[in-house]
Structure formats: structure tokens, C-alpha cells
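Beneath this line is the structure, given in C-alpha cells, with notes to follow.
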Amino acid sequence: MSVEQTIIEKINAEFSPLVLNIENESYMHSSGRGSESHFKLTLVSKKFEGQRTVARHRAVYTCLADELANGVHALALHLYTESEWEEISGTVPKSPNCLGVGQ
């Protein structure tokens, strides 16, 4: 099973997402195409109600501890409650280009 699929399964089991989008951004970094080292995760969950940003991040890091310890180098997190998601109209910030690529 791919790292991406493992992340999807773990997030689904732990957070029962209303919205889940994962993007493999490894191609934007020196790890190159086909790698599974850099991901962008957008997650909307009722579990985030009443939680501050740091608590949300900790919960995801705990859920994905094995992946982060074994090859996932970077994990960009965009974590929202349902009302926050509606407030931003489902718009997620674009990821910046890696400074090590194409230079």
C-alpha cells in the first residue's frame, strides 16, 4: 500500500472527515517524482470543534507518527471545522515552490 493510501485510511478512521484532500507534493521538491515524502493535507472534521490550531496539528501528527518517522519529510496541514471551511469557501492556500528545485 502506498504511503498516501495509508495516510488516507488513518485519517478517515481517526477523524471521520467531512472533507479530505491529500496532495503528494514531492515532485515540487528535490525528492522528485514518484517519491512520497512531501504531502499537503486538507481536512475538515467535527473533531476540531473547540480545538486550537496547535491541538489539531498534534492530533494529526499523533495519528501519522509512523509515517512521519519513516519517510514523510514534510506534511503541510490545513485543518478546519465545518464552519471555518464554509467561511473560507473551501479555498486552501497554494503551496510555495521549494527553494531547492530548479535553482
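By convention in this document, the chains of the C-alpha cells carry letters A, B, ... by their order, each chain's residues are numbered from 1, and ligands are numbered from 1 in the order they are shown.
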(message) Just want the 6 Å neighbourhood of range 73-84 of chain A, counted on only C-alpha atoms, with same-chain residues fewer than 5 positions away dropped. Output as a PyMOL selection string.
(response) chain A and resi 37-46+48-49
(request) Output as a count of residues only all residues of chain A that backbone DSSP marks as alpha helix (DSSP H). (result) 35
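Going from CA of Met1 in chain A over to CA of Cys63 in chain A, you cover 17.3 Å.
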Please return as a short mmCIF file (atom, residue, chain, number, x, y, z; two decimals) with C-alpha atoms, in the first residue's frame: the residues of chain A that backbone DSSP assigns to strand (DSSP E or B).
data_model
loop_
_atom_site.label_atom_id
_atom_site.label_comp_id
_atom_site.auth_asym_id
_atom_site.auth_seq_id
_atom_site.Cartn_x
_atom_site.Cartn_y
_atom_site.Cartn_z
CA VAL A 19 -13.64 16.95 3.57
CA LEU A 20 -10.34 15.17 2.96
CA ASN A 21 -7.86 16.09 0.28
CA ILE A 22 -4.29 14.89 0.18
CA GLU A 23 -1.79 16.06 -2.41
CA ASN A 24 1.57 14.44 -2.96
CA HIS A 38 6.00 15.71 0.93
CA PHE A 39 2.24 15.95 1.38
CA LYS A 40 -0.38 18.65 1.73
CA LEU A 41 -3.38 17.58 3.79
CA THR A 42 -6.65 19.49 3.87
CA LEU A 43 -9.02 18.14 6.48
CA VAL A 44 -12.40 19.28 7.74
CA ALA A 74 7.01 17.30 5.22
CA LEU A 75 3.30 17.50 5.95
CA ALA A 76 1.52 20.78 5.23
CA LEU A 77 -1.66 20.85 7.30
CA HIS A 78 -4.82 22.84 6.60
CA LEU A 79 -7.26 21.80 9.32
CA TYR A 80 -10.74 23.25 9.69
#
(message) Rounded to one decimal, what separation in Å do you get between CA of Val72 in chain A and CA of Gly50 in chain A?
(response)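 Between CA of Val72 in chain A and CA of Gly50 in chain A the gap is 28.3 Å.
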(message) Just the number, please: distance in Å from CA of Ala59 in chain A to CA of Lys10 in chain A, one decimal.
(response) 11.8 Å
